[in-house]
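Data file: query-v8.cif. Format and content: mmCIF, C-alpha atoms.
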```cif
data_upload
#
loop_
_atom_site.label_atom_id
_atom_site.label_comp_id
_atom_site.auth_asym_id
_atom_site.auth_seq_id
_atom_site.Cartn_x
_atom_site.Cartn_y
_atom_site.Cartn_z
CA MET C 1 -80.59 -19.69 90.85
CA PRO C 2 -82.39 -17.11 88.67
CA THR C 3 -85.37 -18.38 86.72
CA LEU C 4 -85.17 -19.27 83.07
CA LYS C 5 -87.32 -16.30 82.19
CA ALA C 6 -85.10 -13.84 84.07
CA ILE C 7 -82.01 -15.13 82.29
CA ARG C 8 -83.69 -14.81 78.91
CA ARG C 9 -84.54 -11.23 79.71
CA ARG C 10 -80.93 -10.49 80.72
CA ILE C 11 -79.66 -11.90 77.45
CA ALA C 12 -82.06 -9.78 75.42
CA SER C 13 -80.98 -6.67 77.31
CA VAL C 14 -77.25 -7.35 76.89
CA LYS C 15 -77.85 -7.99 73.20
CA SER C 16 -79.51 -4.65 72.67
CA THR C 17 -76.72 -2.90 74.55
CA GLN C 18 -74.26 -4.67 72.34
CA GLN C 19 -76.06 -3.42 69.29
CA ILE C 20 -75.67 0.13 70.51
CA THR C 21 -71.99 -0.22 71.36
CA ARG C 22 -71.32 -1.83 68.00
CA ALA C 23 -73.07 1.01 66.19
CA MET C 24 -71.16 3.59 68.22
CA LYS C 25 -67.92 1.87 67.36
CA LEU C 26 -68.68 2.06 63.65
CA VAL C 27 -69.68 5.69 63.87
CA ALA C 28 -66.51 6.53 65.81
CA ALA C 29 -64.43 4.72 63.20
CA ALA C 30 -65.98 6.77 60.41
CA ARG C 31 -65.47 10.02 62.33
CA LEU C 32 -61.93 9.03 63.16
CA ARG C 33 -61.19 8.62 59.49
CA ARG C 34 -62.53 12.08 58.77
CA ALA C 35 -60.61 13.63 61.68
CA GLN C 36 -57.38 12.00 60.57
CA GLU C 37 -57.90 13.35 57.10
CA ALA C 38 -58.41 16.86 58.45
CA LEU C 39 -55.29 16.49 60.56
CA PHE C 40 -53.35 15.38 57.52
CA ASN C 41 -54.69 18.25 55.41
CA ALA C 42 -53.71 20.82 58.02
CA ARG C 43 -50.10 19.73 58.12
CA PRO C 44 -48.66 21.60 55.08
CA TYR C 45 -50.07 24.89 56.35
CA SER C 46 -48.75 24.39 59.87
CA GLU C 47 -45.31 23.47 58.61
CA SER C 48 -45.03 26.47 56.29
CA LEU C 49 -46.34 28.80 58.94
CA ALA C 50 -43.90 27.48 61.54
CA ARG C 51 -41.07 28.32 59.13
CA VAL C 52 -42.35 31.83 58.56
CA ALA C 53 -42.95 32.35 62.28
CA ASP C 54 -39.45 31.20 63.18
CA SER C 55 -37.88 33.69 60.78
CA VAL C 56 -40.09 36.62 61.70
CA LEU C 57 -40.31 36.12 65.46
CA ALA C 58 -36.75 34.92 66.07
CA ALA C 59 -35.30 38.42 66.43
CA GLU C 60 -38.29 39.71 68.40
CA ARG C 61 -38.22 37.58 71.50
CA GLU C 62 -37.79 40.54 73.84
CA SER C 63 -40.79 42.49 72.65
CA LEU C 64 -42.84 39.31 73.03
CA ALA C 65 -41.97 38.76 76.68
CA PRO C 66 -44.87 39.10 79.13
CA ALA C 67 -45.69 42.62 80.29
CA GLU C 68 -43.60 43.79 83.25
CA ASP C 69 -46.62 44.22 85.45
CA ALA C 70 -48.38 41.08 84.25
CA LYS C 71 -50.37 39.26 86.90
CA ASN C 72 -48.84 36.10 88.29
CA ALA C 73 -51.28 33.82 86.53
CA ALA C 74 -51.15 31.17 83.84
CA LEU C 75 -53.88 30.51 81.31
CA LEU C 76 -54.43 26.80 80.69
CA VAL C 77 -56.61 25.96 77.71
CA VAL C 78 -57.93 22.43 78.23
CA VAL C 79 -59.36 20.69 75.17
CA SER C 80 -61.75 17.96 76.32
CA SER C 81 -64.81 16.35 74.75
CA ASP C 82 -68.49 17.22 75.01
CA ARG C 83 -69.51 13.59 75.11
CA GLY C 84 -68.57 10.68 77.28
CA LEU C 85 -68.28 6.97 76.51
CA CYS C 86 -64.75 7.35 75.30
CA GLY C 87 -62.84 5.34 77.87
CA SER C 88 -60.15 7.08 79.86
CA TYR C 89 -59.83 9.94 77.37
CA ASN C 90 -61.02 12.73 79.64
CA VAL C 91 -59.58 11.15 82.78
CA ASN C 92 -56.06 11.14 81.37
CA LEU C 93 -56.47 14.65 80.07
CA LEU C 94 -57.67 16.00 83.41
CA LYS C 95 -54.85 14.29 85.22
CA LEU C 96 -52.36 16.28 83.14
CA ALA C 97 -54.42 19.45 83.62
CA GLU C 98 -54.29 19.04 87.39
CA GLU C 99 -50.59 18.28 87.33
CA THR C 100 -49.95 21.37 85.23
CA ALA C 101 -52.03 23.52 87.54
CA ARG C 102 -50.08 22.27 90.56
CA ARG C 103 -46.81 22.98 88.79
CA ALA C 104 -47.96 26.52 87.96
CA GLU C 105 -48.84 27.06 91.61
CA ARG C 106 -45.40 25.87 92.65
CA ASP C 107 -43.95 28.48 90.29
CA GLY C 108 -46.08 31.13 91.96
CA LEU C 109 -48.64 31.40 89.16
CA GLU C 110 -52.36 31.19 89.71
CA PRO C 111 -53.82 28.67 87.24
CA ARG C 112 -56.83 29.85 85.23
CA PHE C 113 -58.65 27.44 83.01
CA PHE C 114 -60.19 28.09 79.66
CA VAL C 115 -62.21 25.00 78.97
CA ILE C 116 -63.22 23.44 75.69
CA GLY C 117 -65.80 20.67 76.00
CA ARG C 118 -68.35 19.88 78.65
CA LYS C 119 -66.48 17.03 80.31
CA ALA C 120 -63.54 19.05 81.60
CA LEU C 121 -65.83 21.94 82.51
CA ASP C 122 -68.00 19.76 84.77
CA ASN C 123 -64.98 18.25 86.40
CA LEU C 124 -63.01 21.45 86.96
CA GLN C 125 -66.03 23.35 88.21
CA HIS C 126 -66.65 20.58 90.67
CA ALA C 127 -63.04 20.75 91.82
CA GLY C 128 -63.44 24.49 92.40
CA ALA C 129 -60.86 25.56 89.82
CA LYS C 130 -60.86 29.09 88.48
CA ILE C 131 -62.56 29.12 85.06
CA ALA C 132 -61.68 32.05 82.84
CA GLY C 133 -63.91 30.98 79.97
CA GLU C 134 -65.53 28.04 78.28
CA ARG C 135 -66.65 26.79 74.90
CA ILE C 136 -69.00 23.85 75.08
CA ASN C 137 -71.21 22.05 72.57
CA ASN C 138 -68.67 22.62 69.85
CA PRO C 139 -69.09 21.41 66.27
CA ARG C 140 -67.64 17.97 65.87
CA LEU C 141 -64.93 18.76 63.36
CA ALA C 142 -62.93 21.72 64.61
CA SER C 143 -63.61 24.89 62.68
CA VAL C 144 -61.05 27.57 61.94
CA ALA C 145 -63.49 30.04 63.48
CA LEU C 146 -63.47 28.28 66.85
CA ALA C 147 -59.66 28.14 66.80
CA ARG C 148 -59.56 31.85 66.02
CA ASP C 149 -61.92 32.60 68.88
CA ILE C 150 -59.83 30.64 71.38
CA ALA C 151 -56.58 32.11 70.08
CA ALA C 152 -57.98 35.64 70.39
CA HIS C 153 -58.79 34.97 74.02
CA MET C 154 -55.28 33.68 74.74
CA LEU C 155 -53.62 36.59 72.96
CA SER C 156 -55.68 39.28 74.59
CA ALA C 157 -55.23 37.84 78.10
CA TYR C 158 -51.50 37.75 77.47
CA ARG C 159 -51.27 41.18 75.88
CA LEU C 160 -53.33 42.83 78.61
CA GLY C 161 -51.09 41.34 81.27
CA GLU C 162 -53.84 39.23 82.83
CA VAL C 163 -51.56 36.22 82.58
CA ARG C 164 -47.86 35.62 82.26
CA GLU C 165 -48.15 32.59 80.05
CA ALA C 166 -50.74 30.72 78.03
CA SER C 167 -50.67 27.06 77.11
CA LEU C 168 -52.71 24.26 75.63
CA ILE C 169 -53.50 20.91 77.20
CA TYR C 170 -54.92 18.35 74.81
CA MET C 171 -54.75 14.73 73.76
CA GLN C 172 -52.27 14.14 71.01
CA PHE C 173 -53.28 11.52 68.51
CA ARG C 174 -50.68 8.80 68.05
CA SER C 175 -52.84 5.99 66.78
CA ALA C 176 -56.39 4.78 67.15
CA LEU C 177 -55.26 2.87 70.21
CA SER C 178 -52.97 5.40 71.78
CA GLN C 179 -53.49 9.05 72.66
CA ARG C 180 -51.09 11.02 74.72
CA PRO C 181 -51.94 13.94 77.02
CA THR C 182 -49.82 16.85 75.86
CA TYR C 183 -48.86 20.19 77.31
CA GLU C 184 -47.82 22.93 74.89
CA ARG C 185 -46.90 26.45 75.90
CA LEU C 186 -47.78 28.98 73.21
CA LEU C 187 -47.06 32.26 74.98
CA PRO C 188 -44.50 33.59 75.56
CA VAL C 189 -43.15 32.27 72.28
CA ALA C 190 -40.48 29.65 72.70
CA ALA C 191 -37.12 30.10 71.03
CA PRO C 192 -37.06 28.19 67.74
CA GLU C 193 -34.54 25.65 68.98
CA GLU C 194 -36.50 24.93 72.14
CA PRO C 195 -39.08 22.20 71.61
CA ARG C 196 -42.57 23.56 72.28
CA ALA C 197 -44.46 20.37 72.86
CA GLU C 198 -43.55 18.39 75.92
CA GLN C 199 -44.70 14.89 76.48
CA ASP C 200 -46.54 13.82 79.56
CA GLY C 201 -44.18 13.28 82.46
CA ALA C 202 -41.20 14.92 80.79
CA HIS C 203 -41.86 18.50 81.82
CA GLU C 204 -38.33 19.55 82.51
CA ALA C 205 -37.32 20.53 78.98
CA ALA C 206 -35.05 17.81 77.70
CA GLY C 207 -31.62 18.90 76.48
CA ALA C 208 -32.41 21.36 73.71
CA GLU C 209 -30.15 20.93 70.74
CA PRO C 210 -29.07 24.13 69.09
CA GLU C 211 -30.18 23.98 65.49
CA GLY C 212 -29.11 27.24 63.93
CA ALA C 213 -28.87 26.02 60.36
CA ALA C 214 -32.56 26.50 59.60
CA GLN C 215 -32.43 30.14 60.66
CA ALA C 216 -29.80 31.18 58.15
CA VAL C 217 -32.24 32.33 55.46
CA ASP C 218 -32.41 36.10 55.14
CA TYR C 219 -35.76 37.46 54.07
CA LEU C 220 -36.93 40.74 52.69
CA ILE C 221 -39.86 41.46 55.01
CA GLU C 222 -42.72 43.75 54.08
CA PRO C 223 -44.17 46.03 55.40
CA SER C 224 -41.54 45.66 58.18
CA ARG C 225 -40.58 43.06 60.72
CA GLU C 226 -42.14 45.12 63.53
CA ARG C 227 -45.48 45.34 61.79
CA LEU C 228 -45.48 41.74 60.73
CA VAL C 229 -44.78 40.40 64.23
CA PRO C 230 -48.31 40.71 65.67
CA VAL C 231 -49.84 39.28 62.49
CA VAL C 232 -47.51 36.30 62.46
CA LEU C 233 -47.93 35.79 66.18
CA ARG C 234 -51.71 35.71 65.86
CA ALA C 235 -51.59 33.35 62.90
CA SER C 236 -49.24 30.96 64.63
CA VAL C 237 -51.28 30.84 67.83
CA GLU C 238 -54.40 30.25 65.73
CA ALA C 239 -52.71 27.48 63.80
CA ALA C 240 -51.46 25.83 67.00
CA VAL C 241 -54.94 25.92 68.53
CA PHE C 242 -56.55 24.61 65.35
CA HIS C 243 -54.03 21.81 65.25
CA ALA C 244 -54.69 20.92 68.88
CA LEU C 245 -58.45 20.84 68.23
CA LEU C 246 -57.93 18.44 65.34
CA GLU C 247 -55.60 16.23 67.39
CA ALA C 248 -58.16 16.19 70.19
CA GLU C 249 -60.98 15.25 67.83
CA ALA C 250 -59.02 12.38 66.31
CA SER C 251 -57.97 11.23 69.79
CA GLU C 252 -61.52 11.33 71.09
CA GLN C 253 -62.87 9.25 68.23
CA GLY C 254 -59.96 6.82 68.55
CA ALA C 255 -60.57 6.46 72.28
CA ARG C 256 -64.30 6.00 71.74
CA MET C 257 -63.73 3.41 69.06
CA ALA C 258 -61.45 1.39 71.34
CA ALA C 259 -63.82 1.75 74.31
CA MET C 260 -66.83 0.67 72.27
CA ASP C 261 -64.89 -2.21 70.76
CA SER C 262 -64.07 -3.63 74.17
CA ALA C 263 -67.63 -2.97 75.37
CA THR C 264 -68.92 -4.98 72.39
CA ASN C 265 -66.53 -7.81 73.19
CA ASN C 266 -67.50 -7.79 76.84
CA ALA C 267 -71.13 -8.02 75.83
CA SER C 268 -70.37 -11.07 73.66
CA GLU C 269 -68.64 -12.73 76.58
CA MET C 270 -71.51 -11.99 78.86
CA ILE C 271 -74.05 -13.35 76.37
CA GLU C 272 -72.02 -16.54 76.11
CA ARG C 273 -71.95 -16.95 79.87
CA LEU C 274 -75.64 -16.22 80.24
CA THR C 275 -76.52 -18.65 77.47
CA LEU C 276 -74.60 -21.35 79.30
CA GLU C 277 -76.44 -20.51 82.48
CA MET C 278 -79.75 -20.54 80.64
CA ASN C 279 -79.09 -23.98 79.20
CA ARG C 280 -78.17 -25.26 82.60
CA ALA C 281 -81.36 -23.85 84.10
CA ARG C 282 -83.45 -25.39 81.33
CA GLN C 283 -81.76 -28.74 81.83
CA ALA C 284 -82.46 -28.55 85.55
CA GLN C 285 -86.09 -27.76 84.90
CA ILE C 286 -86.51 -30.70 82.50
CA THR C 287 -84.84 -33.03 84.96
CA LYS C 288 -87.09 -31.79 87.69
CA GLU C 289 -90.21 -32.34 85.57
CA LEU C 290 -89.08 -35.84 84.63
CA MET C 291 -88.53 -36.68 88.27
CA ASP C 292 -92.04 -35.51 89.05
CA ILE C 293 -93.57 -37.68 86.32
CA VAL C 294 -91.55 -40.73 87.33
CA GLY C 295 -92.38 -40.11 90.98
CA GLY C 296 -96.09 -39.83 90.15
CA ALA C 297 -96.07 -43.04 88.08
CA GLU C 298 -94.32 -44.92 90.87
CA ALA C 299 -96.93 -43.72 93.35
CA LEU C 300 -99.82 -44.87 91.14
CA ARG C 301 -98.34 -48.34 90.65
CA GLY C 302 -97.74 -48.80 94.35
CA MET Q 1 -41.84 30.29 27.47
CA ALA Q 2 -41.44 32.10 30.74
CA GLU Q 3 -39.43 30.64 33.55
CA THR Q 4 -41.41 28.82 36.20
CA PHE Q 5 -41.10 28.20 39.92
CA ALA Q 6 -42.55 25.80 42.46
CA LEU Q 7 -45.76 27.19 43.93
CA LYS Q 8 -47.82 25.96 46.83
CA VAL Q 9 -51.09 27.48 48.00
CA VAL Q 10 -52.08 26.12 51.39
CA THR Q 11 -54.88 26.79 53.87
CA PRO Q 12 -55.47 25.30 57.33
CA THR Q 13 -57.90 22.85 55.74
CA GLY Q 14 -55.65 21.61 52.96
CA ILE Q 15 -53.50 22.20 49.91
CA VAL Q 16 -55.33 24.25 47.30
CA PHE Q 17 -52.68 24.23 44.61
CA GLU Q 18 -49.29 22.64 44.24
CA GLY Q 19 -47.26 22.79 41.04
CA GLU Q 20 -45.16 24.88 38.71
CA ALA Q 21 -46.28 28.44 38.00
CA GLU Q 22 -45.12 31.37 35.93
CA GLN Q 23 -46.60 34.15 37.94
CA VAL Q 24 -48.49 34.92 41.16
CA THR Q 25 -50.38 38.10 41.93
CA ALA Q 26 -51.74 38.81 45.40
CA VAL Q 27 -52.72 41.72 47.60
CA GLY Q 28 -50.31 42.48 50.42
CA ARG Q 29 -50.44 45.02 53.21
CA LEU Q 30 -48.69 47.50 50.91
CA GLY Q 31 -50.89 46.80 47.89
CA GLU Q 32 -50.98 44.39 45.02
CA PHE Q 33 -47.75 42.67 44.11
CA GLY Q 34 -46.56 40.09 41.64
CA ILE Q 35 -44.01 37.33 41.96
CA LEU Q 36 -42.07 35.89 39.04
CA ALA Q 37 -39.34 33.27 39.00
CA GLU Q 38 -36.03 34.09 40.75
CA HIS Q 39 -37.66 36.37 43.29
CA ILE Q 40 -35.59 37.36 46.32
CA ASN Q 41 -36.38 35.60 49.64
CA PHE Q 42 -39.43 37.42 50.83
CA ILE Q 43 -42.18 37.41 53.47
CA THR Q 44 -45.23 39.60 53.54
CA SER Q 45 -48.69 39.54 55.03
CA LEU Q 46 -51.76 39.40 52.82
CA VAL Q 47 -55.00 41.30 53.17
CA PRO Q 48 -58.30 40.02 51.78
CA GLY Q 49 -58.15 40.11 48.01
CA LEU Q 50 -57.74 38.16 44.84
CA LEU Q 51 -54.98 35.64 44.44
CA GLU Q 52 -54.26 35.03 40.79
CA ILE Q 53 -51.81 32.55 39.40
CA LYS Q 54 -50.63 31.62 35.95
CA THR Q 55 -49.60 27.98 35.88
CA ALA Q 56 -46.73 26.58 33.84
CA GLY Q 57 -49.24 25.40 31.27
CA GLY Q 58 -50.52 28.95 30.87
CA ASP Q 59 -53.80 28.42 32.70
CA ALA Q 60 -55.02 31.24 34.89
CA ARG Q 61 -56.61 30.49 38.23
CA THR Q 62 -58.13 32.79 40.82
CA TRP Q 63 -59.19 32.55 44.45
CA VAL Q 64 -60.49 34.96 47.00
CA VAL Q 65 -58.19 34.78 50.01
CA SER Q 66 -59.15 36.30 53.34
CA GLY Q 67 -55.64 37.04 54.57
CA GLY Q 68 -52.45 35.18 55.35
CA PHE Q 69 -48.87 35.32 54.21
CA ALA Q 70 -46.72 34.93 51.13
CA GLU Q 71 -43.27 33.44 51.45
CA VAL Q 72 -40.52 33.09 48.88
CA ARG Q 73 -37.67 30.89 49.98
CA ASP Q 74 -34.90 29.80 47.66
CA GLY Q 75 -37.12 30.40 44.66
CA ALA Q 76 -40.05 28.34 45.96
CA VAL Q 77 -43.23 30.29 46.66
CA THR Q 78 -45.73 29.42 49.37
CA ILE Q 79 -49.00 31.25 49.81
CA LEU Q 80 -50.38 30.67 53.30
CA ALA Q 81 -54.00 31.70 53.01
CA ASP Q 82 -56.40 31.84 55.97
CA SER Q 83 -58.98 30.61 53.50
CA ALA Q 84 -59.19 30.36 49.71
CA GLU Q 85 -62.55 30.39 47.95
CA GLU Q 86 -63.08 29.47 44.32
CA PRO Q 87 -64.94 32.27 42.53
CA SER Q 88 -67.37 29.67 41.20
CA ALA Q 89 -68.36 28.81 44.78
CA LEU Q 90 -69.34 32.38 45.65
CA ASP Q 91 -72.83 33.14 46.84
CA LEU Q 92 -73.73 36.02 44.51
CA SER Q 93 -77.00 36.81 46.21
CA ARG Q 94 -75.21 37.81 49.40
CA LEU Q 95 -72.69 40.19 47.85
CA ASP Q 96 -74.67 43.41 48.28
CA ALA Q 97 -75.77 42.62 51.82
CA GLU Q 98 -72.20 41.75 52.76
CA MET Q 99 -70.93 45.02 51.35
CA ALA Q 100 -73.62 47.08 53.06
CA GLU Q 101 -72.94 45.42 56.41
CA ALA Q 102 -69.20 46.06 56.11
CA GLU Q 103 -69.81 49.69 55.19
CA ARG Q 104 -72.12 50.17 58.15
CA ARG Q 105 -69.62 48.67 60.58
CA ILE Q 106 -66.69 50.65 59.26
CA SER Q 107 -68.59 53.91 59.53
CA GLU Q 108 -69.52 53.20 63.13
CA ALA Q 109 -66.17 51.96 64.41
CA SER Q 110 -63.54 54.20 65.92
CA PHE Q 111 -60.38 54.26 63.85
CA TYR Q 112 -58.25 53.07 66.74
CA SER Q 113 -60.39 50.17 67.90
CA ASP Q 114 -59.96 46.49 67.12
CA GLU Q 115 -63.47 46.65 65.70
CA TYR Q 116 -62.23 48.98 62.98
CA GLU Q 117 -59.59 46.50 61.96
CA SER Q 118 -62.08 43.68 61.78
CA ALA Q 119 -64.58 45.84 59.87
CA GLU Q 120 -61.86 46.86 57.43
CA HIS Q 121 -61.01 43.21 56.95
CA ASP Q 122 -64.62 42.37 56.13
CA MET Q 123 -64.82 45.35 53.83
CA LEU Q 124 -61.81 44.23 51.84
CA LEU Q 125 -63.22 40.73 51.72
CA ALA Q 126 -66.54 42.02 50.42
CA LEU Q 127 -64.67 44.01 47.76
CA ALA Q 128 -62.69 40.95 46.77
CA HIS Q 129 -65.86 38.91 46.45
CA LYS Q 130 -67.30 41.60 44.22
CA GLN Q 131 -64.18 41.68 42.07
CA ALA Q 132 -64.27 37.93 41.78
CA SER Q 133 -67.90 37.93 40.77
CA GLU Q 134 -67.24 40.47 38.03
CA LEU Q 135 -64.32 38.46 36.83
CA LYS Q 136 -66.55 35.44 36.66
CA SER Q 137 -69.21 37.16 34.59
CA THR Q 138 -66.77 38.65 32.07
CA SER Q 139 -64.54 35.64 31.50
CA ARG Q 140 -67.25 33.04 31.18
#
```
Entire entry expressed as structure tokens:
Amino acid sequence: MPTLKAIRRRIASVKSTQQITRAMKLVAAARLRRAQEALFNARPYSESLARVADSVLAAERESLAPAEDAKNAALLVVVSSDRGLCGSYNVNLLKLAEETARRAERDGLEPRFFVIGRKALDNLQHAGAKIAGERINNPRLASVALARDIAAHMLSAYRLGEVREASLIYMQFRSALSQRPTYERLLPVAAPEEPRAEQDGAHEAAGAEPEGAAQAVDYLIEPSRERLVPVVLRASVEAAVFHALLEAEASEQGARMAAMDSATNNASEMIERLTLEMNRARQAQITKELMDIVGGAEALRG
Amino acid sequence: MAETFALKVVTPTGIVFEGEAEQVTAVGRLGEFGILAEHINFITSLVPGLLEIKTAGGDARTWVVSGGFAEVRDGAVTILADSAEEPSALDLSRLDAEMAEAERRISEASFYSDEYESAEHDMLLALAHKQASELKSTSR
């Protein structure tokens, strides 16, 4: 049985750990709120842009197909976190990244990773994956500039024929307690009626419902459809990347909040158990001392 | 009173304006254009420049936008701006340096390079900032 002093020291140490996890939970909650707000604020722009993109790009699918002589490679942009202590966030993300890479290989495409965040970079490098680029130590709330930078990389790799397709892998925010690894192909552009985002595990595009009604609007397009296509394409890739960064940020903070919450609870449980043990040890010590005194007194009398 | 239409000005970071307006003026790829009520369905790309609106109440508002799109659909107008800065938030001390930098880059870039396009963009943005700053000093 550990000594009373050792148990006391354990309790003090668990308590200070608990203080840290509790603080981290509060910080994550505050950041989550901010990330959710940013996600909410980005929605009107994304929705309007999607409408514009559908109308402008719909008739241009052929010119947006990958170059004839494009290399048999696929660019996978993986959005992970720079920091740990967020539960299974990065683990789940990397599982989908690996699955996607295997699927690309089956289709005869060499997977190339473009990695956001230190966690996925460390892991993929260790696994010997081909890294086409990286952005680590990113600002906490996604900036439009970072999204633009990533989008430019995807577009130029696609345009130059270095890859046949480019997609995003990120954690989609569903609630503070649930984040879902998501695969989203951005290039080549999907037909408007074909859902772009696929959920984890449902890769074989589920029965696409033709939805022609939304496409009926006829626009006057200036300067011309041809000249607007690259501009719209760039903007919609940028918006998709920005959106993914915001989803990832909210997911990360949600995952961290949940992880720190359970760590705090575990610490409480452990303190309770240790306190019980400490009391028992103290009781044993007192009993032992009493026995000694009584034993001594008996000896004297005899 | 002039007829009004529903106007929305949005950026990736949020809604900048939402309400009824009488008129919108913006700078498109083919130059400055205005939109009034009952405009035909329309899409165009924007270059850096001033976005001016006249609200239903007759107030005028201005932003510097750095690019984006304008869409008219069934009479409702949406301005999708890459960013929209309030003229009052401009950093006046940086205007000249910004302009000089843009001029230097545009003179060095080859006309056919991507760098030229980006330099031209910055140049137009610097011009728009300048316009906005002049507007600010005359109207207030």
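Distances to Q:His39 were evaluated for C:Leu220, C:Ala267, C:Val189, C:Leu155 using only C-alpha atoms, and the minimum falls at C:Leu220.
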What's the 12 Å shell around C:Pro139, counting all atoms listed in the file, without same-chain residues fewer than 2 positions away, as a list in words?
Ser81, Asp82, Arg83, Ile116, Gly117, Arg135, Ile136, Asn137, Leu141, Ala142, Ser143, Val144, Ala145, Leu146, Ala147, Leu245, Leu246 and Glu249 of chain C
Dump as number ranges by chain the residues of chain Q that approach chain C to within 8 Å, counting only C-alpha atoms.
Q: 10-15, 29-30, 40-45, 68, 71, 73, 78, 80
Between atom CA of Q:Val27 and atom CA of Q:Glu3 - distance in Å to one decimal
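Atom CA of Q:Val27 lies at a distance of 22.3 Å from atom CA of Q:Glu3.
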Neighbouring residues of C:Thr275 were defined as those with any atom within 9 Å, considering all atoms listed in the file; residues of the same chain fewer than 3 positions away were excluded. Please report them as an mmCIF file with C-alpha atoms, keeping the file's coordinate frame.
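What follows is the written file out-v1.cif:
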```cif
data_model
loop_
_atom_site.group_PDB
_atom_site.id
_atom_site.type_symbol
_atom_site.label_atom_id
_atom_site.label_comp_id
_atom_site.auth_asym_id
_atom_site.auth_seq_id
_atom_site.Cartn_x
_atom_site.Cartn_y
_atom_site.Cartn_z
ATOM 1 C CA ILE C 7 -82.010 -15.130 82.290
ATOM 2 C CA ARG C 8 -83.690 -14.810 78.910
ATOM 3 C CA ILE C 11 -79.660 -11.900 77.450
ATOM 4 C CA MET C 270 -71.510 -11.990 78.860
ATOM 5 C CA ILE C 271 -74.050 -13.350 76.370
ATOM 6 C CA GLU C 272 -72.020 -16.540 76.110
ATOM 7 C CA MET C 278 -79.750 -20.540 80.640
ATOM 8 C CA ASN C 279 -79.090 -23.980 79.200
ATOM 9 C CA ARG C 280 -78.170 -25.260 82.600
#
```
Could you name the residues that touch C:Ala104 at 10 Å or less, counting all atoms listed in the file, but leaving out those on the same chain fewer than 2 positions away, as a ChimeraX atom specification?
/C:72-76,98-102,106-112,165
Counting all atoms listed in the file, what is within 12 Å of stretch 99-105 of chain Q, bar same-chain residues fewer than 2 positions away, as a ChimeraX atom specification?
/Q:92-97,107-111,113-131
Apply the PyMOL selection byres ((chain Q and resi 54-58) around 7) to the file shown and report the selected residues as a PyMOL selection string.
chain Q and resi 4+20-24+52-53+59-61
Quote the spacing between atom CA of C:Ala132 and atom CA of C:Val77 in Å to one decimal place.
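Between atom CA of C:Ala132 and atom CA of C:Val77 the gap is 9.4 Å.
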Interatomic distance (Å, one decimal) between atom CA of C:Asp122 and atom CA of C:Gln18
28.1 Å
For stretch 26-34 of chain Q, take all atoms listed in the file, fit an axis-aligned box around them, add 3 Å to each of the six sides, then output centre and edge lengths in Å rounded to one decimal, as JSON.
```
{"center_x": -49.6, "center_y": 43.2, "center_z": 47.4, "size_x": 12.2, "size_y": 14.7, "size_z": 17.6}
```
If we count all atoms listed in the file and set the cut-off at 10 Å, which residues sit around C:Phe114, ignoring sequence neighbours fewer than 6 positions away in its own chain? Please answer as number ranges by chain.
C: 75-79, 120-121, 130-135, 150, 153-154, 166-168
Could you turn the residues from that selection into a file that holds C-alpha atoms, as a PDB file, in the frame of the given file?
```
ATOM      1  CA  LEU C  75     -53.880  30.510  81.310  1.00  0.00           C
ATOM      2  CA  LEU C  76     -54.430  26.800  80.690  1.00  0.00           C
ATOM      3  CA  VAL C  77     -56.610  25.960  77.710  1.00  0.00           C
ATOM      4  CA  VAL C  78     -57.930  22.430  78.230  1.00  0.00           C
ATOM      5  CA  VAL C  79     -59.360  20.690  75.170  1.00  0.00           C
ATOM      6  CA  ALA C 120     -63.540  19.050  81.600  1.00  0.00           C
ATOM      7  CA  LEU C 121     -65.830  21.940  82.510  1.00  0.00           C
ATOM      8  CA  LYS C 130     -60.860  29.090  88.480  1.00  0.00           C
ATOM      9  CA  ILE C 131     -62.560  29.120  85.060  1.00  0.00           C
ATOM     10  CA  ALA C 132     -61.680  32.050  82.840  1.00  0.00           C
ATOM     11  CA  GLY C 133     -63.910  30.980  79.970  1.00  0.00           C
ATOM     12  CA  GLU C 134     -65.530  28.040  78.280  1.00  0.00           C
ATOM     13  CA  ARG C 135     -66.650  26.790  74.900  1.00  0.00           C
ATOM     14  CA  ILE C 150     -59.830  30.640  71.380  1.00  0.00           C
ATOM     15  CA  HIS C 153     -58.790  34.970  74.020  1.00  0.00           C
ATOM     16  CA  MET C 154     -55.280  33.680  74.740  1.00  0.00           C
ATOM     17  CA  ALA C 166     -50.740  30.720  78.030  1.00  0.00           C
ATOM     18  CA  SER C 167     -50.670  27.060  77.110  1.00  0.00           C
ATOM     19  CA  LEU C 168     -52.710  24.260  75.630  1.00  0.00           C
TER      20      LEU C 168
END
```
Give as an MDAnalysis selection string the residues that the PyMOL selection byres ((chain C and resi 252) around 10) matches when applied to the coordinates above.
chainID C and resid 28 31:32 35 80:90 171:173 176 179 246:251 253:258
